[in-house]
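K.L.:
Mind looking over this structure? Questions follow.
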Amino acid sequence: MTDTTAASDTWTVAGRTFNSRLIVGTGKYKDFAQNAAAVEASGAEIVTVAVRRVNVSDPKAPMLTDFIDPKKITYLPNTAGCFTADDAIRTLRLAREAGGWDLVKLEVLGEARTLYPDMRETLKATEILAKEGFLPMVYCVDDPIAAKQLEECGAVAVMPLGAPIGSGLGIQNKVTVRLIVEGAKVPVLVDAGVGTASEAAVAMELGCDGVLMNTAIAEAKDPIRMARAMKLAVQAGRDAYLAGRMGQRRYADPSSPLAGLI
């Protein structure tokens with residue numbers, strides 16, 4: 001019998017094992033203190049950090065590392081704001097020089113309006129980064145063919161969007177996300193679009209290894225409480241997936257037998 005307790009149900013990416021399946025961002029919070037409190041409430045063990053927006057050089061200005069300890073929480077540098085492969089590669093090379101990071105999150109955007117990924121540039125960047133020794137977790141469209149191509153190019157995880165970044169619309173195409181999960185040999189994490197706890201649970205019920213979110217927590221009226229809700233939702237969705245849901249039927253099936261009624 002499989003032990004499905006939270007303590008034993010870990011996941012691994014690029015040889016690194018984590019207990020929490022929730023990854024949270026570090027943007028849009030009112031300050032670093034609120035961000036740190038949300039991370040603690042979420043139970044997350046990984047935080048994404050936009051290399052272009054975080055202070056890594058001015059010792060006089062507040063630094064994220066003063067509030068979220070990189071010795072306790074894994075930092076995942078990302079390429080938010082990059083629109084070409086070259087730009088993303090350059091950004092991550094700087095991140096490696098600054099902090100020694102090799103596990104990174106790659107996103108190469110196609111346009112500012114939708115923030116959809118440019119898959120041609122994303123594939124190009126993934127291949128180059130992998131050859132340079134990076135371990136790229138890659139933001140992508142919810143397309144099982146594109147996800148498999150990324151895996152073949154060296155992605156250590158594929159991260160299909162549920163809906164546009166920051167939209168809070170929830171997972172718009174459960175069928176393709178499920179197909180990605182079924183075909184992948186690397187972890188699959190829904191990245192972008194989750195707005196509330198029920199949507200995080202859906203991602204996990206589809207069999208995803210994890211969920212990444214930022215706006216859903218940072219823009220909640222009570223970010224700390226929402227962070228806690230997301231932690232519980234991810235756990236509940238994972239348990240439901242492991243439990244195996246009942247089959248769906250077109251008609252009612254009574255819980256109590258109808259035969260032999262008085």
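The way I read the labels, and the way they are meant: chains A, B, ... in the order of the structure tokens, residue 1 as the first residue of every chain, and ligand 1 as the first ligand shown, with later ones counted on from there.
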Taking only C-alpha atoms into account, produce a table as a tab-separated table in which each residue of stretch 17-38 of chain A with an atom at most 9 Å from an atom of stretch 231-245 of chain A appears once, together with its shortest atom pair and the distance in Å to one decimal, ordered by chain and rising number.

P.N.:
```
residue	atom	partner	partner_atom	distance
A:Ser20	CA	A:Lys231	CA	8.2
A:Arg21	CA	A:Val234	CA	7.0
A:Leu22	CA	A:Lys231	CA	6.8
```

K.L.:
Run DSSP on the backbone and tell me which residues of stretch 22-222 of chain A come out as strand (DSSP E); list them as a ChimeraX atom specification.

P.N.:
/A:22-24,46-50,74-78,103-106,135-140,157-160,189-191,210-213

K.L.:
Between A:Asp191, A:Glu111, A:Gly247, A:Lys30, single out the one closest to A:Gly210, counting only C-alpha atoms.

P.N.:
A:Asp191

K.L.:
Atom CA of A:Ala37 and atom CA of A:Leu206 are how many Å apart?

P.N.:
28.9 Å

K.L.:
Contacts of stretch 69-71 of chain A at 12 Å or less, counting only C-alpha atoms, minus same-chain residues fewer than 6 places along, as a ChimeraX atom specification?

P.N.:
/A:32,36,39-40,45-49,63,77,99-101

K.L.:
Emit the selected residues as a PDB file, in the first residue's frame, including C-alpha atoms.

P.N.:
```
ATOM      1  CA  PHE A  32       9.414  42.460   1.829  1.00  0.00           C
ATOM      2  CA  ALA A  36       8.144  36.883   3.883  1.00  0.00           C
ATOM      3  CA  VAL A  39       5.940  32.616   2.176  1.00  0.00           C
ATOM      4  CA  GLU A  40       5.919  31.298   5.737  1.00  0.00           C
ATOM      5  CA  GLU A  45      10.192  25.951  -0.017  1.00  0.00           C
ATOM      6  CA  ILE A  46      10.902  27.691  -3.335  1.00  0.00           C
ATOM      7  CA  VAL A  47      10.411  31.353  -4.256  1.00  0.00           C
ATOM      8  CA  THR A  48      10.824  32.860  -7.704  1.00  0.00           C
ATOM      9  CA  VAL A  49      12.835  36.047  -8.007  1.00  0.00           C
ATOM     10  CA  MET A  63      17.238  43.317   0.095  1.00  0.00           C
ATOM     11  CA  PRO A  77      15.812  33.240 -10.432  1.00  0.00           C
ATOM     12  CA  GLY A  99      24.496  34.060  -6.671  1.00  0.00           C
ATOM     13  CA  GLY A 100      25.786  30.848  -8.177  1.00  0.00           C
ATOM     14  CA  TRP A 101      22.286  29.695  -9.171  1.00  0.00           C
TER      15      TRP A 101
END
```

K.L.:
When you count only C-alpha atoms, which of these residues is closest to A:Ala227: A:Cys208, A:Ala155, A:Leu106, A:Ala197?

P.N.:
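Checking each of A:Cys208, A:Ala155, A:Leu106, A:Ala197 against A:Ala227, counting only C-alpha atoms, the winner is A:Ala197.
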
K.L.:
In terms of the shortest atom-to-atom distance over only C-alpha atoms, which of A:Glu127, A:Asp253, A:Glu121, A:Asp31 is closest to A:Glu107?

P.N.:
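Answer, going by the shortest atom-to-atom distance: A:Glu121.
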
K.L.:
My list of candidates is A:Ala130, A:Gly162, A:Arg250, A:Trp11. Which is closest to A:Met213 when distances are computed with only C-alpha atoms?

P.N.:
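Once distances to A:Met213 are computed over only C-alpha atoms, the minimum belongs to A:Gly162.
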
K.L.:
Show which residues sit within 12 Å of A:Gln149, as a list of chain:residue names. Count only C-alpha atoms, and ignore same-chain residues fewer than 6 positions away.

P.N.:
A:Met119, A:Arg120, A:Thr122, A:Leu123, A:Lys124, A:Thr126, A:Glu127, A:Val138, A:Cys140, A:Val141, A:Asp143, A:Ala155, A:Val156, A:Ala157, A:Val158, A:Ile180, A:Gly183, A:Ala184, A:Lys185, A:Val186

K.L.:
I need the residues from that last selection saved to file as a short mmCIF file (atom, residue, chain, number, x, y, z; two decimals), in the first residue's frame (with C-alpha atoms), if you can.

P.N.:
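Saved to again16.cif:
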```
data_model
loop_
_atom_site.label_atom_id
_atom_site.label_comp_id
_atom_site.auth_asym_id
_atom_site.auth_seq_id
_atom_site.Cartn_x
_atom_site.Cartn_y
_atom_site.Cartn_z
CA MET A 119 7.83 29.17 -27.88
CA ARG A 120 10.36 29.51 -30.70
CA THR A 122 11.83 29.66 -25.43
CA LEU A 123 13.01 26.44 -27.10
CA LYS A 124 16.14 28.18 -28.36
CA THR A 126 16.26 26.19 -23.19
CA GLU A 127 18.67 24.32 -25.44
CA VAL A 138 10.39 26.44 -18.29
CA CYS A 140 5.28 27.38 -21.70
CA VAL A 141 1.96 27.23 -23.51
CA ASP A 143 0.48 22.36 -25.45
CA ALA A 155 14.09 21.42 -19.50
CA VAL A 156 14.14 19.89 -16.00
CA ALA A 157 10.48 20.84 -15.51
CA VAL A 158 7.74 22.16 -17.78
CA ILE A 180 1.07 17.25 -20.67
CA GLY A 183 3.30 12.56 -21.51
CA ALA A 184 5.98 14.15 -19.34
CA LYS A 185 9.02 12.48 -17.82
CA VAL A 186 9.91 15.63 -15.87
#
```

K.L.:
DSSP on the backbone: which residues in stretch 16-206 of chain A end up as alpha helix (DSSP H)? Give the answer as an MDAnalysis selection string.

P.N.:
chainID A and resid 32:42 85:99 119:131 144:153 174:183 197:205

K.L.:
Which of these residues is nearest to A:Gly207, using only C-alpha atoms: A:Val175, A:Ala163, A:Ile145, A:Met137?

P.N.:
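Smallest separation from A:Gly207 among the options: A:Val175.
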